[in-house]
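Containing compact mmCIF, C-alpha atoms: data07.txt.
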```
# COMPACT_ATOMS: atom_id res chain seq x y z
CA MET V 29 0.00 0.00 0.00
CA MET V 30 1.34 3.40 -0.97
CA ALA V 31 2.30 5.68 1.91
CA SER V 32 0.25 8.82 2.35
CA PRO V 33 1.53 11.90 0.49
CA THR V 34 4.20 14.01 2.15
CA LEU V 35 2.80 17.50 1.88
CA LEU V 36 5.06 20.51 1.45
CA ASP V 37 5.66 22.73 4.45
CA THR V 38 5.15 26.48 4.56
CA ASP V 39 8.81 27.23 3.89
CA GLN V 40 8.85 25.04 0.77
CA MET V 41 5.67 26.71 -0.47
CA ALA V 42 7.08 30.18 0.10
CA SER V 43 10.32 29.20 -1.62
CA PHE V 44 8.32 27.94 -4.59
CA VAL V 45 6.49 31.27 -4.79
CA ALA V 46 9.76 33.21 -4.56
CA ARG V 47 11.89 31.13 -6.95
CA GLY V 48 9.42 29.14 -9.03
CA PHE V 49 10.83 25.68 -8.41
CA LEU V 50 11.45 22.93 -5.90
CA ALA V 51 14.21 20.33 -6.25
CA PHE V 52 14.27 16.78 -4.87
CA PRO V 53 17.69 15.33 -5.77
CA GLY V 54 17.90 11.54 -5.98
CA LEU V 55 14.34 11.09 -4.74
CA ILE V 56 13.43 8.00 -6.75
CA ASP V 57 15.25 4.74 -5.99
CA GLU V 58 17.19 2.83 -8.61
CA ASP V 59 14.76 -0.10 -8.48
CA LEU V 60 12.12 2.26 -9.86
CA ASN V 61 14.39 4.30 -12.14
CA ALA V 62 15.32 1.19 -14.14
CA PRO V 63 11.75 0.21 -15.14
CA ALA V 64 10.91 3.89 -15.62
CA ILE V 65 13.73 4.18 -18.17
CA GLU V 66 12.35 1.13 -20.00
CA GLU V 67 8.89 2.68 -20.04
CA LEU V 68 10.18 6.06 -21.24
CA GLU V 69 12.10 4.36 -24.05
CA ALA V 70 8.93 2.48 -25.00
CA ILE V 71 6.96 5.73 -25.04
CA LEU V 72 9.62 7.37 -27.20
CA ALA V 73 9.57 4.47 -29.63
CA THR V 74 5.79 4.58 -30.00
CA TRP V 75 5.10 8.31 -29.58
CA GLY V 76 2.00 9.42 -31.47
CA SER V 77 0.88 5.90 -32.27
CA ASP V 78 -1.83 3.72 -30.81
CA ALA V 79 0.90 1.49 -29.41
CA ARG V 80 2.08 4.11 -26.93
CA PRO V 81 1.79 2.59 -23.45
CA PHE V 82 -0.46 4.30 -20.91
CA ALA V 83 -1.21 7.26 -23.23
CA PRO V 84 -3.26 9.75 -21.18
CA SER V 85 -5.63 12.40 -22.54
CA SER V 86 -5.63 16.07 -21.66
CA GLY V 87 -8.16 16.69 -18.92
CA GLN V 88 -7.90 13.22 -17.37
CA ARG V 89 -7.62 13.19 -13.62
CA LEU V 90 -4.06 12.69 -12.38
CA ASP V 91 -5.16 9.79 -10.19
CA GLU V 92 -6.48 7.97 -13.28
CA ILE V 93 -3.44 8.15 -15.54
CA TYR V 94 -0.49 5.78 -15.71
CA PRO V 95 -2.23 3.06 -13.67
CA GLU V 96 -0.31 0.13 -12.23
CA PRO V 97 1.96 -1.45 -13.34
CA SER V 98 3.24 1.78 -14.93
CA ALA V 99 6.63 2.82 -13.53
CA ILE V 100 5.93 6.44 -14.51
CA GLY V 101 2.74 6.15 -12.50
CA ALA V 102 4.75 4.84 -9.55
CA VAL V 103 7.01 7.89 -9.78
CA LEU V 104 4.00 10.21 -9.82
CA ARG V 105 2.52 8.34 -6.86
CA HIS V 106 5.75 8.50 -4.84
CA PRO V 107 4.72 10.10 -1.54
CA VAL V 108 7.02 13.10 -1.97
CA VAL V 109 6.03 13.75 -5.59
CA ALA V 110 2.34 13.19 -4.89
CA GLY V 111 2.53 15.36 -1.78
CA ALA V 112 4.22 18.23 -3.59
CA VAL V 113 1.74 18.05 -6.44
CA GLN V 114 -1.18 17.90 -4.03
CA SER V 115 0.18 20.89 -2.10
CA LEU V 116 0.52 22.98 -5.25
CA VAL V 117 -2.37 21.97 -7.53
CA GLY V 118 -4.66 19.95 -5.28
CA THR V 119 -6.09 16.46 -5.17
CA ASP V 120 -8.25 17.01 -8.25
CA ALA V 121 -5.45 18.05 -10.61
CA VAL V 122 -5.79 16.98 -14.21
CA PHE V 123 -3.33 15.99 -16.90
CA ASP V 124 -2.37 18.67 -19.41
CA HIS V 125 0.36 17.00 -21.45
CA ASP V 126 3.64 15.19 -21.04
CA PHE V 127 6.73 14.54 -23.08
CA VAL V 128 9.85 12.42 -23.04
CA HIS V 129 12.93 14.54 -23.72
CA LEU V 130 15.97 12.73 -25.08
CA ARG V 131 19.48 14.15 -25.29
CA PRO V 132 21.74 11.57 -26.95
CA PRO V 133 25.42 11.68 -26.01
CA GLY V 134 27.28 14.22 -28.12
CA ASP V 135 24.10 16.16 -28.95
CA LEU V 136 25.33 19.76 -28.95
CA SER V 137 22.03 21.34 -29.91
CA GLN V 138 20.51 23.71 -27.41
CA GLN V 139 16.93 24.82 -27.02
CA LYS V 140 16.20 28.49 -27.01
CA LEU V 141 15.27 29.92 -23.64
CA HIS V 142 11.49 29.81 -23.38
CA ALA V 143 8.48 29.56 -21.13
CA ASP V 144 6.08 26.78 -22.01
CA ALA V 145 2.91 28.79 -21.58
CA ILE V 146 1.20 31.03 -23.99
CA ILE V 147 0.82 34.11 -21.78
CA ASP V 148 -1.06 33.01 -18.68
CA SER V 149 -2.01 36.19 -16.87
CA ASN V 150 -4.19 34.63 -14.19
CA ARG V 151 -2.98 34.03 -10.65
CA ALA V 152 -3.77 30.30 -10.61
CA PHE V 153 -0.90 28.24 -11.97
CA ASP V 154 0.04 24.86 -13.34
CA VAL V 155 3.03 22.81 -12.30
CA GLN V 156 5.47 20.93 -14.44
CA VAL V 157 7.20 17.91 -12.95
CA PHE V 158 10.61 17.03 -14.41
CA TYR V 159 11.94 13.55 -13.66
CA PHE V 160 15.55 12.57 -14.42
CA PRO V 161 15.86 8.76 -14.21
CA HIS V 162 19.62 8.90 -14.90
CA GLU V 163 22.35 10.73 -13.08
CA VAL V 164 22.87 14.10 -14.76
CA THR V 165 26.48 15.29 -14.69
CA ASP V 166 27.60 18.82 -15.48
CA ASP V 167 28.28 17.83 -19.09
CA GLY V 168 25.12 15.75 -19.33
CA GLY V 169 22.53 18.09 -20.83
CA GLY V 170 20.56 18.87 -17.68
CA THR V 171 17.69 21.30 -18.05
CA GLY V 172 18.70 24.95 -17.81
CA PHE V 173 16.39 27.31 -15.96
CA VAL V 174 16.38 30.83 -14.56
CA PRO V 175 15.05 30.91 -10.99
CA GLY V 176 12.62 33.70 -10.28
CA THR V 177 11.38 34.24 -13.84
CA HIS V 178 8.11 32.36 -13.37
CA LEU V 179 5.89 35.39 -12.64
CA ARG V 180 6.96 37.44 -15.64
CA LEU V 181 4.55 37.37 -18.54
CA VAL V 182 6.31 36.19 -21.66
CA ASN V 183 5.26 34.11 -24.59
CA GLU V 184 7.26 31.01 -25.43
CA THR V 185 10.55 31.81 -27.21
CA ASP V 186 10.10 35.58 -27.04
CA VAL V 187 12.93 35.38 -24.49
CA ALA V 188 15.23 33.42 -26.83
CA ARG V 189 17.39 36.53 -27.28
CA TYR V 190 18.78 36.00 -23.79
CA HIS V 191 21.69 33.57 -24.18
CA HIS V 192 23.09 34.10 -20.70
CA VAL V 193 21.19 35.30 -17.65
CA ALA V 194 22.92 35.82 -14.30
CA GLY V 195 21.82 33.09 -11.91
CA GLU V 196 20.74 30.60 -14.57
CA ARG V 197 21.13 27.05 -13.33
CA GLN V 198 21.71 23.85 -15.23
CA TRP V 199 20.34 20.82 -13.48
CA VAL V 200 22.99 18.43 -12.13
CA GLY V 201 22.00 15.65 -9.80
CA PRO V 202 21.84 11.94 -9.00
CA ALA V 203 19.57 9.46 -10.75
CA GLY V 204 15.96 9.76 -9.72
CA SER V 205 15.96 13.52 -9.22
CA VAL V 206 12.71 15.44 -9.52
CA LEU V 207 12.20 19.13 -10.21
CA ILE V 208 8.86 20.86 -9.93
CA PHE V 209 8.41 24.13 -11.82
CA HIS V 210 5.77 26.81 -11.85
CA HIS V 211 4.55 26.79 -15.45
CA GLY V 212 6.02 30.23 -16.13
CA MET V 213 9.65 29.29 -15.45
CA TRP V 214 12.05 30.25 -18.25
CA HIS V 215 14.00 27.12 -19.16
CA ARG V 216 15.71 25.22 -21.98
CA GLY V 217 17.18 21.90 -22.93
CA MET V 218 20.97 22.09 -22.83
CA PRO V 219 23.68 20.42 -24.94
CA ASN V 220 24.87 16.98 -23.92
CA PRO V 221 28.57 16.81 -24.80
CA GLY V 222 28.98 13.90 -22.37
CA SER V 223 28.90 10.19 -23.08
CA LEU V 224 25.59 9.29 -21.41
CA ARG V 225 22.13 9.16 -22.99
CA ARG V 226 20.01 11.66 -21.05
CA LEU V 227 16.29 11.02 -20.72
CA MET V 228 13.94 13.37 -18.95
CA TYR V 229 10.21 12.99 -18.44
CA LYS V 230 8.07 16.10 -18.08
CA ILE V 231 4.41 16.27 -17.17
CA ARG V 232 2.21 19.36 -16.87
CA LEU V 233 -0.71 19.35 -14.44
CA ASN V 234 -3.60 21.81 -14.10
CA PRO V 235 -5.48 22.63 -10.90
CA THR V 236 -9.27 22.42 -11.00
CA ALA V 237 -9.99 24.00 -7.63
CA PRO V 238 -8.55 27.02 -5.79
CA GLN V 239 -4.97 26.35 -4.68
CA THR V 240 -5.55 27.73 -1.21
CA ARG V 241 -3.97 26.20 1.92
CA LEU V 242 -3.40 22.77 0.40
CA TRP V 243 -0.03 22.14 2.07
CA ASP V 244 0.97 21.01 5.58
CA LEU V 245 -0.15 23.98 7.65
CA ALA V 246 1.72 22.98 10.82
CA GLY V 247 3.69 26.09 11.70
CA PHE V 248 1.89 28.24 9.15
CA ASP V 249 0.40 30.65 11.66
CA GLU V 250 3.84 31.30 13.14
CA ARG V 251 5.45 31.97 9.76
CA GLN V 252 2.67 34.06 8.26
CA ASN V 253 3.33 37.76 8.74
CA ASP V 254 0.96 40.67 8.75
CA ALA V 255 1.21 43.52 6.28
CA SER V 256 3.47 45.57 8.51
CA ASP V 257 6.46 43.26 7.89
CA HIS V 258 8.51 45.84 5.98
CA VAL V 259 12.23 45.64 5.36
CA PHE V 260 12.49 49.43 5.70
CA ALA V 261 10.51 49.48 8.95
CA LYS V 262 10.02 46.52 11.31
CA PHE V 263 10.44 43.02 9.97
CA ARG V 264 11.02 39.47 11.12
CA ALA V 265 13.76 37.16 9.92
CA ASP V 266 11.51 34.10 10.12
CA SER V 267 8.42 35.34 8.29
CA VAL V 268 7.00 34.19 4.98
CA ALA V 269 7.94 37.65 3.69
CA ALA V 270 11.58 36.95 4.54
CA THR V 271 11.51 33.90 2.26
CA LEU V 272 9.66 35.78 -0.47
CA ARG V 273 12.36 38.48 -0.46
CA HIS V 274 14.91 36.11 -2.00
CA ARG V 275 16.72 38.11 -4.68
CA GLU V 276 17.98 36.50 -7.87
CA PRO V 277 21.21 37.77 -9.46
CA TRP V 278 19.41 38.98 -12.61
CA LEU V 279 17.09 41.30 -10.70
CA GLY V 280 17.88 44.99 -10.58
CA GLU V 281 16.26 47.09 -7.88
CA SER V 282 13.17 48.21 -9.78
CA ALA V 283 12.48 44.75 -11.21
CA TYR V 284 13.06 43.17 -7.80
CA ARG V 285 10.44 45.35 -6.14
CA LEU V 286 7.87 44.53 -8.78
CA GLU V 287 8.62 40.84 -8.33
CA LEU V 288 7.95 41.23 -4.61
CA VAL V 289 4.50 42.63 -5.44
CA GLN V 290 3.80 39.67 -7.72
CA ARG V 291 5.02 37.17 -5.13
CA ALA V 292 2.92 38.77 -2.40
CA ALA V 293 -0.15 38.63 -4.63
CA LEU V 294 0.46 34.95 -5.32
CA TRP V 295 0.90 34.26 -1.60
CA ARG V 296 -2.40 36.02 -0.90
CA TYR V 297 -4.07 33.57 -3.28
CA LEU V 298 -2.32 30.54 -1.80
CA SER V 299 -2.78 31.51 1.83
CA GLY V 300 -6.27 32.96 1.47
CA ASP V 301 -5.04 35.99 3.40
CA ASP V 302 -6.03 39.11 1.47
CA ALA V 303 -4.22 41.33 3.98
CA PHE V 304 -0.83 39.67 3.45
CA ASP V 305 1.94 41.82 2.10
CA VAL V 306 5.67 42.09 1.62
CA ASP V 307 7.16 45.51 2.33
CA TRP V 308 3.81 47.33 2.37
CA TYR V 309 3.62 47.77 -1.42
CA GLN V 310 0.08 46.51 -1.95
CA THR V 311 -1.23 47.81 1.36
CA ARG V 312 -0.06 51.34 0.62
CA LYS V 313 -1.79 51.27 -2.76
CA GLU V 314 -4.99 49.85 -1.32
CA LEU V 315 -5.10 52.49 1.38
CA ARG V 316 -4.88 55.21 -1.26
CA GLU V 317 -7.48 53.58 -3.45
CA GLU V 318 -10.00 54.09 -0.67
CA LEU V 319 -9.35 57.83 -0.82
CA ALA V 320 -9.92 58.68 -4.45
CA MET U 26 33.25 48.26 -44.08
CA ASP U 27 34.44 45.78 -46.64
CA PRO U 28 32.56 42.54 -45.87
CA MET U 29 35.34 40.59 -47.54
CA THR U 30 37.77 41.69 -44.85
CA HIS U 31 35.72 42.88 -41.89
CA ARG U 32 32.50 41.85 -40.17
CA GLN U 33 30.20 43.02 -37.40
CA GLN U 34 30.12 41.58 -33.91
CA VAL U 35 27.02 42.35 -31.85
CA LEU U 36 26.81 42.36 -28.08
CA PHE U 37 23.55 42.69 -26.16
CA LEU U 38 23.84 43.65 -22.52
CA TRP U 39 20.91 43.86 -20.12
CA LEU U 40 21.73 46.05 -17.15
CA GLU U 41 20.31 46.30 -13.66
CA HIS U 42 18.96 49.79 -14.31
CA SER U 43 18.61 52.27 -17.16
CA ASP U 44 22.02 53.90 -16.74
CA LEU U 45 24.94 52.63 -18.79
CA ASP U 46 27.08 52.05 -15.73
CA GLY U 47 24.61 49.47 -14.40
CA ARG U 48 25.67 45.93 -13.56
CA VAL U 49 25.27 43.35 -16.36
CA VAL U 50 22.47 40.90 -15.54
CA ALA U 51 22.23 39.14 -18.92
CA TRP U 52 24.21 39.08 -22.16
CA THR U 53 24.23 37.69 -25.68
CA PHE U 54 27.07 37.75 -28.19
CA HIS U 55 26.88 37.23 -31.95
CA ASP U 56 29.98 37.01 -34.09
CA GLY U 57 29.55 37.89 -37.77
CA ALA U 58 33.25 37.19 -38.26
CA ASP U 59 32.86 33.67 -36.87
CA ARG U 60 36.17 34.03 -35.08
CA GLY U 61 35.23 31.61 -32.34
CA ASP U 62 35.04 34.33 -29.69
CA ARG U 63 32.94 33.11 -26.77
CA HIS U 64 31.41 34.89 -23.82
CA ASP U 65 30.11 32.15 -21.53
CA ALA U 66 30.92 34.40 -18.60
CA ALA U 67 29.73 38.00 -18.51
CA PRO U 68 32.19 39.87 -20.75
CA TYR U 69 31.93 43.11 -18.79
CA ALA U 70 30.81 44.16 -15.35
CA ASN U 71 28.74 47.04 -16.74
CA GLY U 72 27.88 48.85 -19.97
CA VAL U 73 30.54 51.54 -19.66
CA ALA U 74 33.22 48.85 -19.50
CA ALA U 75 32.11 47.67 -22.94
CA LEU U 76 32.54 51.21 -24.32
CA ARG U 77 36.02 51.41 -22.84
CA ASP U 78 36.90 48.15 -24.60
CA GLY U 79 35.97 49.59 -27.97
CA TRP U 80 32.35 48.55 -28.42
CA ARG U 81 30.06 51.14 -29.98
CA LEU U 82 26.63 51.62 -28.44
CA ILE U 83 24.04 51.56 -31.24
CA GLN U 84 20.70 51.14 -29.46
CA THR U 85 19.10 51.22 -26.03
CA SER U 86 15.65 50.17 -24.94
CA PRO U 87 13.29 52.89 -23.72
CA ILE U 88 12.84 53.28 -20.00
CA PRO U 89 9.93 50.98 -19.06
CA LEU U 90 6.53 52.63 -19.32
CA PRO U 91 4.01 51.13 -16.90
CA ALA U 92 0.96 49.69 -18.63
CA PRO U 93 -2.23 51.16 -17.09
CA GLY U 94 -3.82 48.52 -14.89
CA ALA U 95 -0.74 46.32 -15.05
CA GLU U 96 1.87 48.62 -13.54
CA THR U 97 3.49 45.87 -11.49
CA VAL U 98 3.65 43.24 -14.22
CA ARG U 99 6.80 42.71 -16.23
CA GLY U 100 7.82 40.26 -18.93
CA ARG U 101 10.99 40.74 -20.96
CA LEU U 102 14.17 41.97 -19.35
CA GLU U 103 14.39 45.74 -19.08
CA HIS U 104 17.34 48.00 -19.89
CA GLU U 105 18.66 46.43 -23.09
CA PHE U 106 21.82 47.96 -24.58
CA MET U 107 23.05 46.85 -28.00
CA PHE U 108 26.67 47.31 -29.02
CA GLU U 109 28.64 46.59 -32.17
CA ARG U 110 32.26 46.16 -33.05
CA ILE U 111 33.79 45.79 -36.51
CA VAL U 112 36.55 43.21 -36.57
CA PRO U 113 38.80 41.76 -39.25
CA ILE U 114 38.14 38.27 -40.42
CA ASP U 115 40.94 36.06 -39.15
```
Could you spell out this file's structure in structure tokens?
Amino acid sequence: MMASPTLLDTDQMASFVARGFLAFPGLIDEDLNAPAIEELEAILATWGSDARPFAPSSGQRLDEIYPEPSAIGAVLRHPVVAGAVQSLVGTDAVFDHDFVHLRPPGDLSQQKLHADAIIDSNRAFDVQVFYFPHEVTDDGGGTGFVPGTHLRLVNETDVARYHHVAGERQWVGPAGSVLIFHHGMWHRGMPNPGSLRRLMYKIRLNPTAPQTRLWDLAGFDERQNDASDHVFAKFRADSVAATLRHREPWLGESAYRLELVQRAALWRYLSGDDAFDVDWYQTRKELREELA
Amino acid sequence: MDPMTHRQQVLFLWLEHSDLDGRVVAWTFHDGADRGDRHDAAPYANGVAALRDGWRLIQTSPIPLPAPGAETVRGRLEHEFMFERIVPID
């Protein structure tokens, strides 16, 4: 019997809001990675045909796709993966699409930097789960991504002009690693000059209900700050706002402050606390809106 | 410029603010001369440093204009500075 999902804690949720991703290095054991690789290879070999194993349809409930004995299904039902997904997009999440990304050894091609969404201006968000069944070394074509870009509204490869962005990461990690992205994260497939075949499975999931307070709320009340938590006035070092203030290297001062407003707005949605704020930006504006 | 002997190199720098002495936060290099020059690390600390190394500034992005109703929303990187340099073909 599968263990119950391990929900995210408040700090993980706040980090996801601030940076747009969560990483679980080496989460999946080798005895599951091996059959998962076989299944991914089978999907690759039959992609687009009726022979594709376990082919799901867009809109299917997550708990209905990749049924046993699917190894991909077992990865998705791993307590940590299932718990993170449940915390972010709920128990009624549905399948959007998935894909098996292959980087053969010596493949020097590189995707353009992009966000997967056509501009999604609403506050609710999808998640994308990236699963690396092999070890990914620093020359192994791990996914590149730019933390903190997830709340900027861009369309697909409109950001391809940016070849290098300060703070961009390229995934490196042991076999069985899992990354979870906000759908807006700028990312790209990277060259694989190494000698290992690099597979990566990606699945996008949509919420169907408000994403409010779905995580492990133990300790939430202590971490949640009121609107007065202001880095230029009084502030706490252990508040949600402190986590949301994480600054990425590519952010100048003006862009950083606007990102804080976006992050605070997203945390209001997630926490159901319409009075929440980071550094008073929204509160100040709302106070003035009552005047004129 | 004689394209048989010289070509254009283009350098995009995105800076932390709208002044040319701002810190480089992103960069892209294109080499019309195909000389194999690479800039995997930031080539300059700021835009002025590129000028002092001989790059000519040919375009800057306008200072961001807030969109009414969406003043706090951003997309592309702000503060784009485009430079060129004419170099001989090796």
**Asked** For chain V, which residues have at least one atom within 8 Å of chain U, if we go by all atoms listed in the file? Write them as number ranges by chain, please.
**Response** V: 180-182, 187, 189-194, 277-283, 286-287, 289-290
(3.6, 8.8, -7.7) in this file's frame - what residues fall within 10 Å of it? Use only C-alpha atoms and give the answer as a CSV table (one decimal) with C-alpha atoms, in the frame of the given file.
```csv
chain,number,residue,atom,x,y,z
V,30,MET,CA,1.3,3.4,-1.0
V,33,PRO,CA,1.5,11.9,0.5
V,56,ILE,CA,13.4,8.0,-6.8
V,90,LEU,CA,-4.1,12.7,-12.4
V,91,ASP,CA,-5.2,9.8,-10.2
V,94,TYR,CA,-0.5,5.8,-15.7
V,99,ALA,CA,6.6,2.8,-13.5
V,100,ILE,CA,5.9,6.4,-14.5
V,101,GLY,CA,2.7,6.2,-12.5
V,102,ALA,CA,4.8,4.8,-9.6
V,103,VAL,CA,7.0,7.9,-9.8
V,104,LEU,CA,4.0,10.2,-9.8
V,105,ARG,CA,2.5,8.3,-6.9
V,106,HIS,CA,5.8,8.5,-4.8
V,107,PRO,CA,4.7,10.1,-1.5
V,108,VAL,CA,7.0,13.1,-2.0
V,109,VAL,CA,6.0,13.8,-5.6
V,110,ALA,CA,2.3,13.2,-4.9
V,111,GLY,CA,2.5,15.4,-1.8
V,113,VAL,CA,1.7,18.0,-6.4
```
**Request:** For the point (8.0, 29.0, -20.9) in the file's frame, write as JSON, numbers by chain all residues with an atom no more than 8 Å away, counting only C-alpha atoms.
**Result:** {"V": [141, 142, 143, 144, 145, 146, 182, 183, 184, 185, 211, 212, 213, 214, 215]}
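Going from CA of Ile71 in chain V to CA of Glu58 in chain V covers 19.6 Å.
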**Long-range neighbours of range 267-269 of chain V as number ranges by chain, 6 Å cut-off, only C-alpha atoms, 3 positions minimum in chain** = V: 251-253, 264, 272, 306
**Asked** CA of Asp148 in chain V and CA of Ala293 in chain V are how many Å apart?
**Response**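 About the pair CA of Asp148 in chain V and CA of Ala293 in chain V: they are 15.2 Å apart.
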**Message:** Can you measure CA of Arg197 in chain V to CA of Phe173 in chain V for me? One decimal in Å is fine.
**Reply:** 5.4 Å
**Asked** Quick one: of U:Ile83, U:Met29, U:Val112, U:Leu90, who's nearest to Asp56 in chain U, counting all atoms listed in the file?
**Response** U:Val112
**Item:** Nearest-residue call for Leu179 in chain V, choices V:Arg296, V:His210, V:Arg275, V:Lys230, using all atoms listed in the file
**Value:**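 Of all the options, V:His210 lies closest to Leu179 in chain V.
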